[in-house]
Amino acid sequence: MATDAAGVVVVGASLAGVHAVRSLRSEGFGGTITVIDGQPHTPYDRPPLSKGFLAGDDDAAAIRLGGLDELDVTWRLGTTAVGLDVEQATVTLANGTLVPFDGLVLAPGAVPRRLPGTDELPMVRPLRDLDDALALRAVIDGAGGQEASAVRVVVVGAGFIGAEVAATCRDRGVEVTMVEMATVPLEAALGRHVGGAIAALHRQHGVDLRLGASVEGIDPVDDRRCLVRCTDGEPVVADAVVVGIGVEPATEWLASSGVRLDNGIVTDERLAAAARIVVAGDALRWPSGRTGSLERIEHWEHAVATGEAAGRRLAVELAGGDVDALPVFDPVPWFWSDQYDRKLQLAGRAGVDHDMEVAVGGLDEDRFVAVYGRGGRATGVFGMNRPRHVALLRQRLDGDVSVADLVEAAAAL
Amino acid sequence: MRVVVDFDLCESNAICMAVAPEIFEVRDDDFLYILQDEPPEELRGKLAEAVQRCPKQAIAIAED
């Protein structure tokens, strides 16, 4: 067993892990906290990587997470955790060191899916971390010696990351081809009608959008460029290929650890995977009373909220308090995406398998509000340049509300 | 306790309004308005949550 001096270990120095630390400290945990992460960088915020940072508006210092010094943390950055032993309460590092813990926060995040057969092509990469963003920014900035208009970026997958990268690149004057297997961008997340509006938005801004299409193959042209062949349209010579086809929870290292894995680390409704082990962020899969099933969410605010809740639970548990008296974790989720001059926001849940009704404005307008639901019950509110509506209607989603009532409430705001 | 917003950072995500509508309002012009810049002590919890949840880290609490 670990000694009393072992303290709390946090695996993952991104948003969820850092918020878990903040929460532990604000709940009065005064022991040692060690944060382990395979990335060498000081913790930073990821949303700007596809927005302001990529656009060149923010530098690396501007996206660092604030207030880290006062947290009194031992940082072990550039050190990868490769194993966990729940029984022995130890984390194993890549160099074989065993790190004992009294309490553990698992916030390992997620790893992007790769396109098969592209491992040897350096210009083909995801946009997940700071190094990915630096590499793409260098291409946009003309590392190949061209004007922006002579640079072409191919985006594979028109999800939120892909769509934001496409928008930022077009704003910078770079040519963009975006390839998406579904019939519209963001189809799984927002359904066909809202997705159709987003397709029109990207085409208005000059994106060569290839829908219902996929990449057949990518071949090197020289050490800097590659040729992308799609199932639809002419082959494209690309200076960079950004692969945004989703992520997988980074849980391979936990395979024989004793925690339950099923598309993430499975916890109870207060985010505990085992005694004194809590989970936060993209790798968390927890039972939501709201949906009646295990959920995993990859949004920014979810990382903040789960970090807070997981940190609080662990602090209470380590202090010998009653964890069952803590509220269960089940807020209405929320995310935002910035594309061109549009702010897209969703509170609650939506998707291709939900009904959708436009409540304010129209799908062909710059600003509109859409209400999503199932069986007449409202599940989500989407706003295109309508942050006020999303903020106010989000509170209504916390209770049971019909689609008709929420549409009426939206129209009355 | 005083509310400080860096309006150069603010993107009107309106998360602060969802958390603490007594203090923050994003109006139909998409700009953020501070309804009370010295809120009463009982709103400290909500204000602190708004600080944490702001995606741009644009809100701070000043004690003066």
# chains A, B, ... in the order shown; residues from 1 in each chain; ligands from 1
>>> residues_around(residues="B:Glu41", least_positions_apart="6", cutoff="12 Å", atoms="only C-alpha atoms", output="list in words")
Met1, Arg2, Val3, Leu47, Ala48, Ile61 and Glu63 of chain B
>>> residues_around(residues="B:Leu43", least_positions_apart="6", cutoff="12 Å", atoms="only C-alpha atoms", output="NGL selection string")
:B and (1-3 or 19-24 or 36-37 or 49-50 or 61)
>>> residues_around(residues="A:Asp59", least_positions_apart="4", cutoff="12 Å", atoms="only C-alpha atoms", output="list of chain:residue names")
A:Tyr44, A:Asp45, A:Pro48, A:Leu49, A:Lys51, A:Gly52, A:Phe53, A:Leu54, A:Ala55, A:Ile63, A:Arg64, A:Leu130, A:Ala133, A:Leu134, A:Arg137
>>> closest_atom_pairs(of="chain A", to="chain B", cutoff="8 Å", atoms="only C-alpha atoms", output="tab-separated table")
residue	atom	partner	partner_atom	distance
A:Trp300	CA	B:Pro55	CA	7.9
A:Glu301	CA	B:Arg53	CA	6.8
A:Val304	CA	B:Arg53	CA	7.1
A:Trp336	CA	B:Asn13	CA	7.7
A:Arg386	CA	B:Asp30	CA	7.6
A:Pro387	CA	B:Ala14	CA	5.7
A:Arg388	CA	B:Val26	CA	5.5
A:Ala391	CA	B:Ala18	CA	4.8
A:Leu392	CA	B:Ala18	CA	6.1
A:Arg394	CA	B:Ala18	CA	7.4
A:Gln395	CA	B:Ala18	CA	7.1
>>> write_last_selection(atoms="C-alpha atoms", output="compact mmCIF listing (two decimals), in the first residue's frame")
# COMPACT_ATOMS: atom_id res chain seq x y z
CA TRP A 300 -14.39 21.95 -23.37
CA GLU A 301 -16.93 22.77 -20.66
CA VAL A 304 -14.00 21.80 -16.72
CA TRP A 336 -19.41 26.24 -28.92
CA ARG A 386 -27.64 33.51 -30.83
CA PRO A 387 -25.70 33.18 -27.55
CA ARG A 388 -28.40 34.92 -25.50
CA ALA A 391 -27.79 30.66 -22.43
CA LEU A 392 -31.36 31.30 -21.32
CA ARG A 394 -30.25 25.95 -21.48
CA GLN A 395 -31.75 26.46 -18.03
>>> residues_around(residues="A:Val139", least_positions_apart="6", cutoff="9 Å", atoms="only C-alpha atoms", output="mmCIF file with all heavy atoms, in the first residue's frame")
data_model
loop_
_atom_site.group_PDB
_atom_site.id
_atom_site.type_symbol
_atom_site.label_atom_id
_atom_site.label_comp_id
_atom_site.auth_asym_id
_atom_site.auth_seq_id
_atom_site.Cartn_x
_atom_site.Cartn_y
_atom_site.Cartn_z
ATOM 1 N N ALA A 148 -0.238 32.878 -49.400
ATOM 2 C CA ALA A 148 -1.315 32.094 -48.788
ATOM 3 C C ALA A 148 -2.229 31.470 -49.841
ATOM 4 O O ALA A 148 -2.645 30.314 -49.727
ATOM 5 C CB ALA A 148 -2.125 32.978 -47.838
ATOM 6 N N VAL A 151 -1.299 28.135 -51.132
ATOM 7 C CA VAL A 151 -1.258 27.017 -50.195
ATOM 8 C C VAL A 151 -2.607 26.308 -50.221
ATOM 9 O O VAL A 151 -3.649 26.972 -50.240
ATOM 10 C CB VAL A 151 -0.978 27.522 -48.755
ATOM 11 C CG1 VAL A 151 -1.053 26.373 -47.742
ATOM 12 C CG2 VAL A 151 0.375 28.222 -48.682
ATOM 13 N N VAL A 153 -4.857 23.349 -48.216
ATOM 14 C CA VAL A 153 -5.020 22.427 -47.087
ATOM 15 C C VAL A 153 -6.199 21.523 -47.391
ATOM 16 O O VAL A 153 -7.267 22.007 -47.793
ATOM 17 C CB VAL A 153 -5.258 23.214 -45.772
ATOM 18 C CG1 VAL A 153 -5.632 22.264 -44.636
ATOM 19 C CG2 VAL A 153 -4.014 24.015 -45.397
ATOM 20 N N ASP A 239 -0.549 20.950 -49.301
ATOM 21 C CA ASP A 239 0.604 21.301 -48.466
ATOM 22 C C ASP A 239 0.452 20.741 -47.053
ATOM 23 O O ASP A 239 1.427 20.584 -46.331
ATOM 24 C CB ASP A 239 0.749 22.825 -48.406
ATOM 25 C CG ASP A 239 0.999 23.413 -49.775
ATOM 26 O OD1 ASP A 239 2.165 23.436 -50.193
ATOM 27 O OD2 ASP A 239 0.024 23.803 -50.450
ATOM 28 N N ALA A 240 -0.808 20.509 -46.678
ATOM 29 C CA ALA A 240 -1.085 19.875 -45.385
ATOM 30 C C ALA A 240 -2.418 19.154 -45.484
ATOM 31 O O ALA A 240 -3.330 19.624 -46.172
ATOM 32 C CB ALA A 240 -1.140 20.911 -44.270
#
>>> atom_distance(atom1="atom CA of A:Met181", atom2="atom CA of A:Met356")
22.0 Å
>>> decode(residues="stretch 8-23 of chain B", atoms="all heavy atoms", output="PDB file, in the first residue's frame")
ATOM      1  N   ASP B   8     -11.655  42.817 -24.241  1.00  0.00           N
ATOM      2  CA  ASP B   8     -10.874  42.447 -25.424  1.00  0.00           C
ATOM      3  C   ASP B   8     -10.869  40.934 -25.631  1.00  0.00           C
ATOM      4  O   ASP B   8     -10.733  40.448 -26.747  1.00  0.00           O
ATOM      5  CB  ASP B   8      -9.434  42.950 -25.294  1.00  0.00           C
ATOM      6  CG  ASP B   8      -9.357  44.476 -25.399  1.00  0.00           C
ATOM      7  OD1 ASP B   8     -10.253  45.054 -26.044  1.00  0.00           O
ATOM      8  OD2 ASP B   8      -8.432  45.054 -24.830  1.00  0.00           O
ATOM      9  N   LEU B   9     -11.002  40.202 -24.514  1.00  0.00           N
ATOM     10  CA  LEU B   9     -11.040  38.740 -24.613  1.00  0.00           C
ATOM     11  C   LEU B   9     -12.460  38.214 -24.824  1.00  0.00           C
ATOM     12  O   LEU B   9     -12.661  37.190 -25.460  1.00  0.00           O
ATOM     13  CB  LEU B   9     -10.465  38.113 -23.330  1.00  0.00           C
ATOM     14  CG  LEU B   9      -8.968  38.287 -23.077  1.00  0.00           C
ATOM     15  CD1 LEU B   9      -8.598  37.670 -21.725  1.00  0.00           C
ATOM     16  CD2 LEU B   9      -8.156  37.618 -24.178  1.00  0.00           C
ATOM     17  N   CYS B  10     -13.444  38.905 -24.248  1.00  0.00           N
ATOM     18  CA  CYS B  10     -14.827  38.416 -24.250  1.00  0.00           C
ATOM     19  C   CYS B  10     -15.322  38.148 -25.664  1.00  0.00           C
ATOM     20  O   CYS B  10     -15.168  38.979 -26.554  1.00  0.00           O
ATOM     21  CB  CYS B  10     -15.744  39.432 -23.577  1.00  0.00           C
ATOM     22  SG  CYS B  10     -17.500  38.973 -23.680  1.00  0.00           S
ATOM     23  N   GLU B  11     -15.905  36.955 -25.870  1.00  0.00           N
ATOM     24  CA  GLU B  11     -16.480  36.588 -27.170  1.00  0.00           C
ATOM     25  C   GLU B  11     -17.983  36.411 -27.090  1.00  0.00           C
ATOM     26  O   GLU B  11     -18.581  35.809 -27.969  1.00  0.00           O
ATOM     27  CB  GLU B  11     -15.869  35.277 -27.654  1.00  0.00           C
ATOM     28  CG  GLU B  11     -14.449  35.377 -28.117  1.00  0.00           C
ATOM     29  CD  GLU B  11     -13.938  34.046 -28.654  1.00  0.00           C
ATOM     30  OE1 GLU B  11     -14.596  33.010 -28.407  1.00  0.00           O
ATOM     31  OE2 GLU B  11     -12.888  34.047 -29.300  1.00  0.00           O
ATOM     32  N   SER B  12     -18.584  36.857 -25.996  1.00  0.00           N
ATOM     33  CA  SER B  12     -20.034  36.735 -25.830  1.00  0.00           C
ATOM     34  C   SER B  12     -20.529  35.295 -25.981  1.00  0.00           C
ATOM     35  O   SER B  12     -21.527  35.044 -26.641  1.00  0.00           O
ATOM     36  CB  SER B  12     -20.778  37.652 -26.805  1.00  0.00           C
ATOM     37  OG  SER B  12     -20.530  39.001 -26.489  1.00  0.00           O
ATOM     38  N   ASN B  13     -19.820  34.363 -25.352  1.00  0.00           N
ATOM     39  CA  ASN B  13     -20.327  32.995 -25.337  1.00  0.00           C
ATOM     40  C   ASN B  13     -21.539  32.858 -24.433  1.00  0.00           C
ATOM     41  O   ASN B  13     -22.286  31.890 -24.517  1.00  0.00           O
ATOM     42  CB  ASN B  13     -19.232  32.018 -24.904  1.00  0.00           C
ATOM     43  CG  ASN B  13     -18.316  31.644 -26.045  1.00  0.00           C
ATOM     44  OD1 ASN B  13     -18.757  31.068 -27.022  1.00  0.00           O
ATOM     45  ND2 ASN B  13     -17.043  31.996 -25.939  1.00  0.00           N
ATOM     46  N   ALA B  14     -21.698  33.800 -23.506  1.00  0.00           N
ATOM     47  CA  ALA B  14     -22.880  33.898 -22.644  1.00  0.00           C
ATOM     48  C   ALA B  14     -22.964  32.800 -21.579  1.00  0.00           C
ATOM     49  O   ALA B  14     -23.999  32.601 -20.965  1.00  0.00           O
ATOM     50  CB  ALA B  14     -24.173  33.941 -23.458  1.00  0.00           C
ATOM     51  N   ILE B  15     -21.856  32.112 -21.375  1.00  0.00           N
ATOM     52  CA  ILE B  15     -21.839  31.114 -20.315  1.00  0.00           C
ATOM     53  C   ILE B  15     -22.022  31.774 -18.947  1.00  0.00           C
ATOM     54  O   ILE B  15     -22.722  31.264 -18.076  1.00  0.00           O
ATOM     55  CB  ILE B  15     -20.512  30.334 -20.368  1.00  0.00           C
ATOM     56  CG1 ILE B  15     -20.588  29.322 -21.496  1.00  0.00           C
ATOM     57  CG2 ILE B  15     -20.216  29.628 -19.059  1.00  0.00           C
ATOM     58  CD1 ILE B  15     -21.751  28.388 -21.409  1.00  0.00           C
ATOM     59  N   CYS B  16     -21.402  32.948 -18.780  1.00  0.00           N
ATOM     60  CA  CYS B  16     -21.539  33.680 -17.519  1.00  0.00           C
ATOM     61  C   CYS B  16     -23.000  34.019 -17.246  1.00  0.00           C
ATOM     62  O   CYS B  16     -23.463  33.980 -16.116  1.00  0.00           O
ATOM     63  CB  CYS B  16     -20.684  34.941 -17.547  1.00  0.00           C
ATOM     64  SG  CYS B  16     -20.982  35.982 -18.989  1.00  0.00           S
ATOM     65  N   MET B  17     -23.726  34.318 -18.310  1.00  0.00           N
ATOM     66  CA  MET B  17     -25.148  34.657 -18.172  1.00  0.00           C
ATOM     67  C   MET B  17     -25.953  33.434 -17.742  1.00  0.00           C
ATOM     68  O   MET B  17     -26.874  33.547 -16.926  1.00  0.00           O
ATOM     69  CB  MET B  17     -25.655  35.176 -19.515  1.00  0.00           C
ATOM     70  CG  MET B  17     -27.106  35.591 -19.525  1.00  0.00           C
ATOM     71  SD  MET B  17     -27.560  35.931 -21.242  1.00  0.00           S
ATOM     72  CE  MET B  17     -29.199  36.583 -21.013  1.00  0.00           C
ATOM     73  N   ALA B  18     -25.598  32.267 -18.266  1.00  0.00           N
ATOM     74  CA  ALA B  18     -26.305  31.050 -17.873  1.00  0.00           C
ATOM     75  C   ALA B  18     -26.027  30.723 -16.405  1.00  0.00           C
ATOM     76  O   ALA B  18     -26.893  30.228 -15.694  1.00  0.00           O
ATOM     77  CB  ALA B  18     -25.885  29.876 -18.768  1.00  0.00           C
ATOM     78  N   VAL B  19     -24.812  31.032 -15.939  1.00  0.00           N
ATOM     79  CA  VAL B  19     -24.417  30.688 -14.567  1.00  0.00           C
ATOM     80  C   VAL B  19     -24.921  31.741 -13.574  1.00  0.00           C
ATOM     81  O   VAL B  19     -25.440  31.413 -12.514  1.00  0.00           O
ATOM     82  CB  VAL B  19     -22.879  30.569 -14.472  1.00  0.00           C
ATOM     83  CG1 VAL B  19     -22.434  30.428 -13.024  1.00  0.00           C
ATOM     84  CG2 VAL B  19     -22.379  29.389 -15.295  1.00  0.00           C
ATOM     85  N   ALA B  20     -24.747  33.011 -13.927  1.00  0.00           N
ATOM     86  CA  ALA B  20     -25.053  34.106 -13.003  1.00  0.00           C
ATOM     87  C   ALA B  20     -25.826  35.216 -13.718  1.00  0.00           C
ATOM     88  O   ALA B  20     -25.298  36.294 -13.982  1.00  0.00           O
ATOM     89  CB  ALA B  20     -23.761  34.655 -12.398  1.00  0.00           C
ATOM     90  N   PRO B  21     -27.108  34.956 -14.037  1.00  0.00           N
ATOM     91  CA  PRO B  21     -27.896  35.953 -14.773  1.00  0.00           C
ATOM     92  C   PRO B  21     -28.132  37.236 -13.980  1.00  0.00           C
ATOM     93  O   PRO B  21     -28.464  38.267 -14.561  1.00  0.00           O
ATOM     94  CB  PRO B  21     -29.213  35.225 -15.055  1.00  0.00           C
ATOM     95  CG  PRO B  21     -29.285  34.128 -14.050  1.00  0.00           C
ATOM     96  CD  PRO B  21     -27.868  33.732 -13.761  1.00  0.00           C
ATOM     97  N   GLU B  22     -27.910  37.172 -12.639  1.00  0.00           N
ATOM     98  CA  GLU B  22     -28.063  38.381 -11.822  1.00  0.00           C
ATOM     99  C   GLU B  22     -26.949  39.382 -12.120  1.00  0.00           C
ATOM    100  O   GLU B  22     -27.092  40.577 -11.866  1.00  0.00           O
ATOM    101  CB  GLU B  22     -28.005  38.030 -10.323  1.00  0.00           C
ATOM    102  CG  GLU B  22     -29.041  37.022  -9.863  1.00  0.00           C
ATOM    103  CD  GLU B  22     -28.565  35.568  -9.998  1.00  0.00           C
ATOM    104  OE1 GLU B  22     -27.557  35.325 -10.706  1.00  0.00           O
ATOM    105  OE2 GLU B  22     -29.206  34.683  -9.412  1.00  0.00           O
ATOM    106  N   ILE B  23     -25.815  38.878 -12.634  1.00  0.00           N
ATOM    107  CA  ILE B  23     -24.641  39.733 -12.833  1.00  0.00           C
ATOM    108  C   ILE B  23     -24.385  40.019 -14.316  1.00  0.00           C
ATOM    109  O   ILE B  23     -23.994  41.128 -14.676  1.00  0.00           O
ATOM    110  CB  ILE B  23     -23.381  39.058 -12.218  1.00  0.00           C
ATOM    111  CG1 ILE B  23     -23.612  38.772 -10.730  1.00  0.00           C
ATOM    112  CG2 ILE B  23     -22.145  39.927 -12.439  1.00  0.00           C
ATOM    113  CD1 ILE B  23     -22.510  37.952 -10.080  1.00  0.00           C
TER     114      ILE B  23
END
